[in-house]
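Okay, my_file.pdb now, which holds PDB, C-alpha atoms:
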ATOM      1  CA  MET A   6     340.287  18.610-201.377
ATOM      2  CA  THR A   7     338.137  16.720-198.871
ATOM      3  CA  LYS A   8     339.703  13.422-197.856
ATOM      4  CA  THR A   9     336.798  11.911-195.964
ATOM      5  CA  LEU A  10     333.096  11.524-196.633
ATOM      6  CA  ASN A  11     330.672  14.124-195.290
ATOM      7  CA  LEU A  12     329.236  12.067-192.439
ATOM      8  CA  THR A  13     327.421  13.048-189.261
ATOM      9  CA  GLU A  14     326.738  10.754-186.323
ATOM     10  CA  ILE A  15     323.388   8.967-186.301
ATOM     11  CA  PRO A  16     321.473  10.082-183.176
ATOM     12  CA  ARG A  17     321.205   7.611-180.329
ATOM     13  CA  VAL A  18     318.535   7.127-177.646
ATOM     14  CA  LYS A  19     318.424   4.707-174.722
ATOM     15  CA  SER A  20     314.751   3.926-175.303
ATOM     16  CA  ILE A  21     311.797   5.536-177.073
ATOM     17  CA  THR A  22     308.003   5.491-177.053
ATOM     18  CA  SER A  23     306.080   4.335-180.100
ATOM     19  CA  GLU A  24     304.635   7.837-180.515
ATOM     20  CA  ASP A  25     308.040   9.514-180.511
ATOM     21  CA  PHE A  26     309.546   6.862-182.786
ATOM     22  CA  VAL A  27     306.853   7.379-185.445
ATOM     23  CA  GLU A  28     306.789  11.191-185.194
ATOM     24  CA  GLN A  29     310.527  11.830-184.904
ATOM     25  CA  TYR A  30     311.968   9.103-187.138
ATOM     26  CA  VAL A  31     309.455   7.124-189.221
ATOM     27  CA  LYS A  32     307.411  10.001-190.616
ATOM     28  CA  PRO A  33     310.437  12.206-191.457
ATOM     29  CA  GLN A  34     312.378   9.074-192.519
ATOM     30  CA  LYS A  35     315.424   9.643-190.320
ATOM     31  CA  PRO A  36     317.667   6.911-188.865
ATOM     32  CA  VAL A  37     318.264   6.408-185.154
ATOM     33  CA  VAL A  38     320.079   3.952-182.886
ATOM     34  CA  ILE A  39     318.024   2.602-179.969
ATOM     35  CA  GLU A  40     320.478   1.270-177.413
ATOM     36  CA  ASN A  41     318.240  -0.714-175.031
ATOM     37  CA  LEU A  42     315.542  -2.092-177.331
ATOM     38  CA  ALA A  43     316.766  -5.717-177.115
ATOM     39  CA  ASN A  44     318.055  -5.736-173.537
ATOM     40  CA  ASN A  45     315.133  -7.766-172.174
ATOM     41  CA  TRP A  46     315.129 -10.332-174.956
ATOM     42  CA  GLU A  47     316.368 -13.832-174.208
ATOM     43  CA  ALA A  48     318.472 -13.472-177.366
ATOM     44  CA  PHE A  49     320.405 -10.592-175.785
ATOM     45  CA  ASP A  50     322.281 -12.970-173.477
ATOM     46  CA  LEU A  51     321.858 -16.266-175.314
ATOM     47  CA  TRP A  52     322.747 -15.527-178.917
ATOM     48  CA  ARG A  53     326.477 -16.016-179.371
ATOM     49  CA  PHE A  54     328.580 -17.746-182.031
ATOM     50  CA  ASP A  55     328.977 -20.886-179.943
ATOM     51  CA  TYR A  56     325.248 -21.077-179.255
ATOM     52  CA  PHE A  57     324.401 -21.001-182.961
ATOM     53  CA  LYS A  58     327.127 -23.562-183.595
ATOM     54  CA  ASP A  59     325.558 -25.902-181.045
ATOM     55  CA  ILE A  60     321.920 -25.447-182.050
ATOM     56  CA  ALA A  61     322.290 -25.168-185.840
ATOM     57  CA  GLY A  62     325.811 -26.363-186.669
ATOM     58  CA  ASN A  63     324.663 -28.917-189.251
ATOM     59  CA  ILE A  64     322.642 -26.417-191.285
ATOM     60  CA  GLU A  65     324.195 -25.392-194.606
ATOM     61  CA  VAL A  66     324.313 -21.620-195.007
ATOM     62  CA  PRO A  67     324.891 -19.405-198.085
ATOM     63  CA  LEU A  68     328.090 -17.355-198.048
ATOM     64  CA  TYR A  69     329.204 -14.180-199.793
ATOM     65  CA  ASP A  70     332.612 -12.540-199.924
ATOM     66  CA  ASN A  71     334.020  -9.190-201.056
ATOM     67  CA  ARG A  72     334.563 -10.107-204.706
ATOM     68  CA  PRO A  73     333.048  -7.770-207.331
ATOM     69  CA  ILE A  74     329.565  -8.535-208.610
ATOM     70  CA  SER A  75     329.983 -10.750-211.663
ATOM     71  CA  HIS A  76     327.901 -11.586-214.722
ATOM     72  CA  LYS A  77     328.564 -15.222-213.844
ATOM     73  CA  ASN A  78     326.304 -14.994-210.803
ATOM     74  CA  LYS A  79     322.567 -14.478-210.722
ATOM     75  CA  PHE A  80     321.070 -11.659-208.679
ATOM     76  CA  ASN A  81     322.072 -12.260-205.002
ATOM     77  CA  GLU A  82     323.473 -15.700-205.819
ATOM     78  CA  PRO A  83     325.832 -16.909-203.032
ATOM     79  CA  HIS A  84     329.518 -17.531-203.725
ATOM     80  CA  ALA A  85     329.741 -20.642-201.548
ATOM     81  CA  LYS A  86     327.891 -22.806-199.036
ATOM     82  CA  MET A  87     329.140 -24.312-195.778
ATOM     83  CA  LYS A  88     327.914 -25.949-192.582
ATOM     84  CA  LEU A  89     327.296 -23.276-189.959
ATOM     85  CA  SER A  90     329.621 -24.958-187.453
ATOM     86  CA  LYS A  91     332.551 -24.800-189.874
ATOM     87  CA  TYR A  92     331.735 -21.205-190.741
ATOM     88  CA  VAL A  93     331.670 -20.140-187.087
ATOM     89  CA  ASP A  94     335.108 -21.703-186.616
ATOM     90  CA  LEU A  95     336.362 -19.684-189.597
ATOM     91  CA  LEU A  96     334.884 -16.486-188.172
ATOM     92  CA  LYS A  97     336.559 -16.985-184.838
ATOM     93  CA  SER A  98     339.897 -17.708-186.515
ATOM     94  CA  GLU A  99     339.577 -14.364-188.387
ATOM     95  CA  LYS A 100     340.868 -16.030-191.568
ATOM     96  CA  THR A 101     337.925 -15.546-193.892
ATOM     97  CA  SER A 102     336.085 -12.776-195.734
ATOM     98  CA  TYR A 103     332.906 -14.854-196.072
ATOM     99  CA  ARG A 104     329.655 -13.352-194.830
ATOM    100  CA  ILE A 105     326.153 -14.708-194.273
ATOM    101  CA  PHE A 106     323.755 -12.284-195.912
ATOM    102  CA  LEU A 107     319.955 -12.129-195.618
ATOM    103  CA  PHE A 108     319.537 -15.671-194.243
ATOM    104  CA  ASN A 109     316.407 -16.788-192.366
ATOM    105  CA  LEU A 110     317.994 -19.198-189.895
ATOM    106  CA  ILE A 111     314.855 -19.028-187.763
ATOM    107  CA  LYS A 112     312.973 -20.814-190.550
ATOM    108  CA  GLU A 113     315.374 -23.726-190.024
ATOM    109  CA  VAL A 114     315.353 -23.490-186.204
ATOM    110  CA  PRO A 115     311.854 -22.225-185.244
ATOM    111  CA  GLU A 116     312.529 -22.121-181.496
ATOM    112  CA  LEU A 117     314.844 -19.163-182.055
ATOM    113  CA  GLN A 118     311.750 -17.035-182.643
ATOM    114  CA  ASN A 119     310.875 -17.385-178.965
ATOM    115  CA  HIS A 120     314.038 -15.514-178.050
ATOM    116  CA  PHE A 121     312.921 -12.060-179.237
ATOM    117  CA  GLU A 122     309.799  -9.917-179.421
ATOM    118  CA  ALA A 123     308.125  -7.902-182.128
ATOM    119  CA  PRO A 124     309.065  -4.311-181.126
ATOM    120  CA  LYS A 125     306.102  -2.105-180.236
ATOM    121  CA  LEU A 126     307.176   1.027-182.025
ATOM    122  CA  GLY A 127     304.028   2.193-183.769
ATOM    123  CA  ILE A 128     304.578   0.310-187.046
ATOM    124  CA  LYS A 129     304.321  -3.438-187.585
ATOM    125  CA  PHE A 130     307.654  -5.194-187.894
ATOM    126  CA  LEU A 131     307.331  -8.719-189.276
ATOM    127  CA  LYS A 132     308.434 -11.090-186.501
ATOM    128  CA  ASP A 133     307.958 -14.095-188.808
ATOM    129  CA  LEU A 134     310.487 -12.795-191.355
ATOM    130  CA  PRO A 135     313.758 -12.110-189.511
ATOM    131  CA  PHE A 136     317.055 -12.245-191.401
ATOM    132  CA  LEU A 137     320.510 -12.876-189.978
ATOM    133  CA  PHE A 138     323.806 -11.374-191.143
ATOM    134  CA  PHE A 139     327.241 -12.670-190.066
ATOM    135  CA  GLY A 140     330.629 -11.216-190.918
ATOM    136  CA  ALA A 141     334.315 -11.773-190.212
ATOM    137  CA  LYS A 142     336.743  -9.107-189.064
ATOM    138  CA  ASP A 143     337.251  -6.496-191.811
ATOM    139  CA  SER A 144     334.630  -8.015-194.117
ATOM    140  CA  LYS A 145     332.455  -5.410-195.793
ATOM    141  CA  VAL A 146     328.976  -5.279-197.275
ATOM    142  CA  PHE A 147     328.921  -3.236-200.488
ATOM    143  CA  MET A 148     326.941   0.001-200.487
ATOM    144  CA  HIS A 149     323.361  -0.880-201.418
ATOM    145  CA  TYR A 150     319.716  -0.339-200.599
ATOM    146  CA  ASP A 151     317.166  -3.085-200.016
ATOM    147  CA  ILE A 152     315.127  -4.458-202.884
ATOM    148  CA  ASP A 153     311.813  -4.238-200.982
ATOM    149  CA  PHE A 154     312.227  -0.671-199.633
ATOM    150  CA  ALA A 155     311.387  -1.935-196.146
ATOM    151  CA  ASN A 156     311.710   0.001-192.920
ATOM    152  CA  ILE A 157     314.378  -1.977-191.064
ATOM    153  CA  LEU A 158     315.368  -2.553-187.458
ATOM    154  CA  HIS A 159     318.917  -3.909-187.493
ATOM    155  CA  VAL A 160     319.711  -5.466-184.105
ATOM    156  CA  HIS A 161     323.403  -6.151-183.540
ATOM    157  CA  PHE A 162     324.831  -8.998-181.473
ATOM    158  CA  GLU A 163     328.425  -9.907-180.607
ATOM    159  CA  GLY A 164     331.242  -7.763-181.942
ATOM    160  CA  LYS A 165     331.388  -4.296-183.467
ATOM    161  CA  LYS A 166     330.232  -3.005-186.836
ATOM    162  CA  ARG A 167     330.579   0.400-188.525
ATOM    163  CA  CYS A 168     327.545   1.474-190.561
ATOM    164  CA  ILE A 169     327.478   4.258-193.160
ATOM    165  CA  LEU A 170     324.063   5.418-194.378
ATOM    166  CA  PHE A 171     322.923   7.768-197.131
ATOM    167  CA  PRO A 172     319.315   8.869-197.701
ATOM    168  CA  PRO A 173     317.752   8.296-201.140
ATOM    169  CA  SER A 174     318.210  12.011-201.896
ATOM    170  CA  GLU A 175     321.987  11.429-202.178
ATOM    171  CA  THR A 176     321.709   8.702-204.838
ATOM    172  CA  LYS A 177     322.753  11.167-207.528
ATOM    173  CA  TYR A 178     326.241  11.413-205.953
ATOM    174  CA  LEU A 179     326.847   7.725-205.161
ATOM    175  CA  TYR A 180     327.619   6.228-208.592
ATOM    176  CA  LYS A 181     324.580   3.973-208.602
ATOM    177  CA  VAL A 182     324.858   1.167-211.143
ATOM    178  CA  PRO A 183     321.802   1.178-213.479
ATOM    179  CA  ASN A 184     319.288  -1.656-213.087
ATOM    180  CA  SER A 185     320.707  -2.592-209.700
ATOM    181  CA  LEU A 186     320.644  -1.774-205.998
ATOM    182  CA  VAL A 187     324.380  -1.075-205.656
ATOM    183  CA  THR A 188     327.058   1.535-206.256
ATOM    184  CA  LEU A 189     330.251   0.948-208.224
ATOM    185  CA  ASN A 190     332.186  -1.852-206.587
ATOM    186  CA  ASP A 191     335.540  -0.039-206.841
ATOM    187  CA  ILE A 192     334.499   2.628-204.328
ATOM    188  CA  ASP A 193     336.012   2.206-200.881
ATOM    189  CA  PHE A 194     333.590   4.052-198.625
ATOM    190  CA  ASP A 195     336.027   3.817-195.707
ATOM    191  CA  ASN A 196     338.778   5.498-197.718
ATOM    192  CA  PRO A 197     337.187   7.120-200.812
ATOM    193  CA  ASP A 198     339.217   8.187-203.838
ATOM    194  CA  PHE A 199     337.803  11.620-204.653
ATOM    195  CA  GLU A 200     340.007  12.083-207.688
ATOM    196  CA  ARG A 201     338.463   9.028-209.303
ATOM    197  CA  PHE A 202     334.961   9.512-207.843
ATOM    198  CA  PRO A 203     334.626  13.306-207.352
ATOM    199  CA  ALA A 204     330.841  13.329-206.899
ATOM    200  CA  LEU A 205     331.198  11.589-203.528
ATOM    201  CA  GLN A 206     332.417  14.893-202.061
ATOM    202  CA  HIS A 207     328.869  16.266-202.408
ATOM    203  CA  ALA A 208     327.116  13.335-200.690
ATOM    204  CA  GLN A 209     325.773  13.956-197.175
ATOM    205  CA  GLY A 210     325.588  10.789-195.109
ATOM    206  CA  MET A 211     325.515   9.436-191.563
ATOM    207  CA  VAL A 212     327.597   6.955-189.590
ATOM    208  CA  THR A 213     327.495   4.938-186.382
ATOM    209  CA  GLU A 214     329.252   2.039-184.695
ATOM    210  CA  LEU A 215     327.008  -0.760-183.481
ATOM    211  CA  ASN A 216     327.854  -2.728-180.363
ATOM    212  CA  HIS A 217     326.108  -5.657-178.706
ATOM    213  CA  GLY A 218     322.397  -4.874-178.261
ATOM    214  CA  ASP A 219     322.317  -1.691-180.356
ATOM    215  CA  THR A 220     319.390  -1.430-182.775
ATOM    216  CA  LEU A 221     319.711   0.724-185.895
ATOM    217  CA  TYR A 222     316.554   1.976-187.596
ATOM    218  CA  MET A 223     317.080   2.344-191.357
ATOM    219  CA  PRO A 224     314.224   4.068-193.215
ATOM    220  CA  GLU A 225     312.864   3.071-196.626
ATOM    221  CA  GLY A 226     315.360   3.017-199.462
ATOM    222  CA  TYR A 227     318.356   4.151-197.391
ATOM    223  CA  TRP A 228     321.755   3.229-198.768
ATOM    224  CA  HIS A 229     323.889   1.310-196.262
ATOM    225  CA  HIS A 230     327.463   0.030-196.088
ATOM    226  CA  MET A 231     328.558  -2.292-193.275
ATOM    227  CA  HIS A 232     332.131  -2.863-192.116
ATOM    228  CA  TYR A 233     332.666  -5.583-189.512
ATOM    229  CA  LEU A 234     335.350  -4.249-187.161
ATOM    230  CA  THR A 235     335.358  -7.598-185.363
ATOM    231  CA  PRO A 236     333.574 -10.895-186.085
ATOM    232  CA  GLY A 237     329.907 -10.328-185.369
ATOM    233  CA  PHE A 238     326.313 -10.846-186.418
ATOM    234  CA  SER A 239     323.020  -8.970-186.588
ATOM    235  CA  MET A 240     319.321  -9.611-187.131
ATOM    236  CA  SER A 241     317.015  -7.450-189.240
ATOM    237  CA  LEU A 242     313.268  -7.083-188.760
ATOM    238  CA  ARG A 243     311.305  -5.491-191.571
ATOM    239  CA  ALA A 244     308.155  -3.394-191.939
ATOM    240  CA  ILE A 245     306.516  -2.808-195.308
ATOM    241  CA  PRO A 246     307.003   0.619-196.936
ATOM    242  CA  ARG A 247     304.597   3.318-195.827
ATOM    243  CA  SER A 248     305.040   5.246-199.081
ATOM    244  CA  ALA A 249     302.852   4.129-201.992
ATOM    245  CA  MET A 250     305.637   5.156-204.368
ATOM    246  CA  ASN A 251     308.113   2.915-202.558
ATOM    247  CA  ILE A 252     305.658   0.019-202.568
ATOM    248  CA  GLY A 253     305.490   0.418-206.341
ATOM    249  CA  LYS A 254     309.298   0.490-206.583
ATOM    250  CA  ALA A 255     309.538  -2.640-204.444
ATOM    251  CA  VAL A 256     307.060  -4.512-206.644
ATOM    252  CA  TYR A 257     308.979  -3.448-209.749
ATOM    253  CA  ASN A 258     312.312  -4.537-208.263
ATOM    254  CA  LEU A 259     310.991  -7.933-207.212
ATOM    255  CA  ALA A 260     308.889  -8.684-210.282
ATOM    256  CA  VAL A 261     310.818  -7.007-213.095
ATOM    257  CA  MET A 262     314.242  -5.590-212.306
ATOM    258  CA  ARG A 263     315.968  -8.661-210.891
ATOM    259  CA  ASN A 264     314.561 -10.906-213.643
ATOM    260  CA  VAL A 265     315.708  -8.504-216.367
ATOM    261  CA  GLU A 266     319.119  -8.351-214.712
ATOM    262  CA  ASN A 267     319.495 -12.138-214.687
ATOM    263  CA  ILE A 268     318.520 -12.307-218.369
ATOM    264  CA  MET A 269     320.952  -9.570-219.407
ATOM    265  CA  ARG A 270     323.831 -11.120-217.466
ATOM    266  CA  LYS A 271     323.158 -14.385-219.253
ATOM    267  CA  LEU A 272     322.808 -12.825-222.722
ATOM    268  CA  ARG A 273     325.554 -10.187-222.656
ATOM    269  CA  GLY A 274     327.795 -11.357-219.838
ATOM    270  CA  LYS A 275     330.753  -9.179-218.929
ATOM    271  CA  ALA A 276     329.889  -6.604-221.603
ATOM    272  CA  TRP A 277     326.609  -5.867-219.788
ATOM    273  CA  MET A 278     328.399  -5.243-216.495
ATOM    274  CA  LYS A 279     331.000  -2.972-218.147
ATOM    275  CA  TYR A 280     328.247  -1.025-219.938
ATOM    276  CA  LYS A 281     326.437  -0.357-216.668
ATOM    277  CA  GLU A 282     329.623   0.697-214.894
ATOM    278  CA  LYS A 283     330.384   3.157-217.694
ATOM    279  CA  LEU A 284     326.886   4.643-217.444
ATOM    280  CA  ALA A 285     327.200   4.997-213.666
ATOM    281  CA  MET A 286     330.424   6.983-214.015
ATOM    282  CA  GLU A 287     329.147   9.209-216.814
ATOM    283  CA  ARG A 288     325.764   9.998-215.290
ATOM    284  CA  THR A 289     327.078  10.707-211.795
ATOM    285  CA  ASN A 290     330.006  12.868-212.884
ATOM    286  CA  ARG A 291     327.785  14.792-215.306
ATOM    287  CA  TYR A 292     325.383  15.600-212.469
ATOM    288  CA  ALA A 293     328.201  16.531-210.083
ATOM    289  CA  ASP A 294     329.738  18.870-212.670
ATOM    290  CA  LYS A 295     326.554  20.945-212.575
ATOM    291  CA  GLN A 296     326.806  21.552-208.831
TER
END
Could you show the structure in this file as C-alpha cells?
Amino acid sequence: MTKTLNLTEIPRVKSITSEDFVEQYVKPQKPVVIENLANNWEAFDLWRFDYFKDIAGNIEVPLYDNRPISHKNKFNEPHAKMKLSKYVDLLKSEKTSYRIFLFNLIKEVPELQNHFEAPKLGIKFLKDLPFLFFGAKDSKVFMHYDIDFANILHVHFEGKKRCILFPPSETKYLYKVPNSLVTLNDIDFDNPDFERFPALQHAQGMVTELNHGDTLYMPEGYWHHMHYLTPGFSMSLRAIPRSAMNIGKAVYNLAVMRNVENIMRKLRGKAWMKYKEKLAMERTNRYADKQ
C-alpha cells in the first residue's frame, strides 16, 4: 500500500515574461514557482520579523492555531488576538502554534505598500488588497481552497515553508467537508493514514518548498496545505477569477455559503459538524470504491 501522497514537484523558473506566464500557467491553470519575482522589491531586504515588530508592534492581530474547526466559532473567526510585537517574540521562541491568517497589515501601515510592486504578469493582481500570513515552526494550515477562487501570487519571506497543492479535479478524493472550503481535519497531509482515508491514494497533487523571495502561483480553486518548517511569513496578491463559473462560485460562497454555515453552527452546534464529517467520509469513500 502507498505510504505517501502522489506528489510531483511544482515547476520552478527564475523569471518569466507576461506572455509566457499567461500561456503556460494561467490559461491551463497550472502552478509555478517564480524564484526572482520579488528580488528588486524593497520588501525583499527590509521585511523581517524585527522590522514588523518595530513598525507595527502595537497593532493587535488575529491569531489561529491548529485546533479542529468548531461549531463554537463563526466562519474564519480567530482563536485569539495579540499585539504583533508579542506575537513576533513568540514566533522567534518557537513556543507557539499560533498563526496570522489572511491579515491586511498594510491597511494598518499604508507605507508598507511602497515596498513592493504590482507584478506585470499579464493579469491584474490587486496591489491594494495584499494579505499577510505568519506561522511558527511546525504550525500547519489545514487543507483548503480560497473562498473567492482568486488567482494567487504567494510571495514568501523569512524562513521555509512546505506547500502541497491539489487541483480542483482531485476534490473527489480529498474528503471535502460539505458546505465548507476544507477537508476533514483529522487528515495529516504530511503523514496520511491510507487505511482510514483510502481515497487519498488516488489524489494527484504537487509540492514545493518556499524559501525567502520565492513566489508561488496558485490557480483558481486550488487546494493548498502549508507547513511552516521554520518561523516565517508570506504575502498573497490576488487576481479575480477568469472563469465565469468560478466567479459565480465565489459570489455564492461569499453571499450564501458562509452565512448558512454560521446559522447552522449556531442552530445545531456540534451535531452539524459531526453530520458534515460523516457525509464527507461516506461520499469520498463511495466514489473511491468505484475507481
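In this structure, atom CA of Thr22 of chain A sits 15.4 Å away from atom CA of Leu221 of chain A.
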Worksheet item: Using only C-alpha atoms, which residues sit within 7 Å of segment 110-123 of chain A once same-chain residues fewer than 6 positions away are excluded, as JSON, numbers by chain?
Response: {"A": [46, 47, 48, 130, 132, 137]}
Save out the residues we just selected, C-alpha atoms, as a PDB file, in the frame of the given file.
ATOM      1  CA  TRP A  46     315.129 -10.332-174.956  1.00  0.00           C
ATOM      2  CA  GLU A  47     316.368 -13.832-174.208  1.00  0.00           C
ATOM      3  CA  ALA A  48     318.472 -13.472-177.366  1.00  0.00           C
ATOM      4  CA  PHE A 130     307.654  -5.194-187.894  1.00  0.00           C
ATOM      5  CA  LYS A 132     308.434 -11.090-186.501  1.00  0.00           C
ATOM      6  CA  LEU A 137     320.510 -12.876-189.978  1.00  0.00           C
TER       7      LEU A 137
END
Practice prompt. Run the PyMOL selection byres ((chain A and resi 228-233) around 7) mentally over the shown coordinates, then write out the matched residues as a PyMOL selection string, using the chain letters and numbers from the document.
Written response: chain A and resi 140-150+165-173+226-227+234-237
Write the residues of the selection above to a file with C-alpha atoms, as a compact mmCIF listing (two decimals), in the coordinates of the input.
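And here's out_3.txt as it stands now:
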# COMPACT_ATOMS: atom_id res chain seq x y z
CA GLY A 140 330.63 -11.22 -190.92
CA ALA A 141 334.32 -11.77 -190.21
CA LYS A 142 336.74 -9.11 -189.06
CA ASP A 143 337.25 -6.50 -191.81
CA SER A 144 334.63 -8.02 -194.12
CA LYS A 145 332.46 -5.41 -195.79
CA VAL A 146 328.98 -5.28 -197.28
CA PHE A 147 328.92 -3.24 -200.49
CA MET A 148 326.94 0.00 -200.49
CA HIS A 149 323.36 -0.88 -201.42
CA TYR A 150 319.72 -0.34 -200.60
CA LYS A 165 331.39 -4.30 -183.47
CA LYS A 166 330.23 -3.00 -186.84
CA ARG A 167 330.58 0.40 -188.52
CA CYS A 168 327.54 1.47 -190.56
CA ILE A 169 327.48 4.26 -193.16
CA LEU A 170 324.06 5.42 -194.38
CA PHE A 171 322.92 7.77 -197.13
CA PRO A 172 319.32 8.87 -197.70
CA PRO A 173 317.75 8.30 -201.14
CA GLY A 226 315.36 3.02 -199.46
CA TYR A 227 318.36 4.15 -197.39
CA LEU A 234 335.35 -4.25 -187.16
CA THR A 235 335.36 -7.60 -185.36
CA PRO A 236 333.57 -10.90 -186.08
CA GLY A 237 329.91 -10.33 -185.37
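Close contacts of Val27 of chain A, defined as residues with an atom at most 9 Å away when counting all atoms listed in the file, with chain neighbours fewer than 5 positions off set aside, comprise A:Thr22, A:Lys32, A:Pro33, A:Leu126, A:Gly127, A:Ile128.
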Worksheet item: Looking at only C-alpha atoms, which of A:Trp52, A:Phe154, A:Tyr280, A:Phe57 is the one that sits closest to Arg247 of chain A?
Response: A:Phe154
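The shortest atom-to-atom distance to Pro36 of chain A, with only C-alpha atoms taken into account, belongs to A:His159 out of A:Lys8, A:Lys181, A:Lys88, A:His159.
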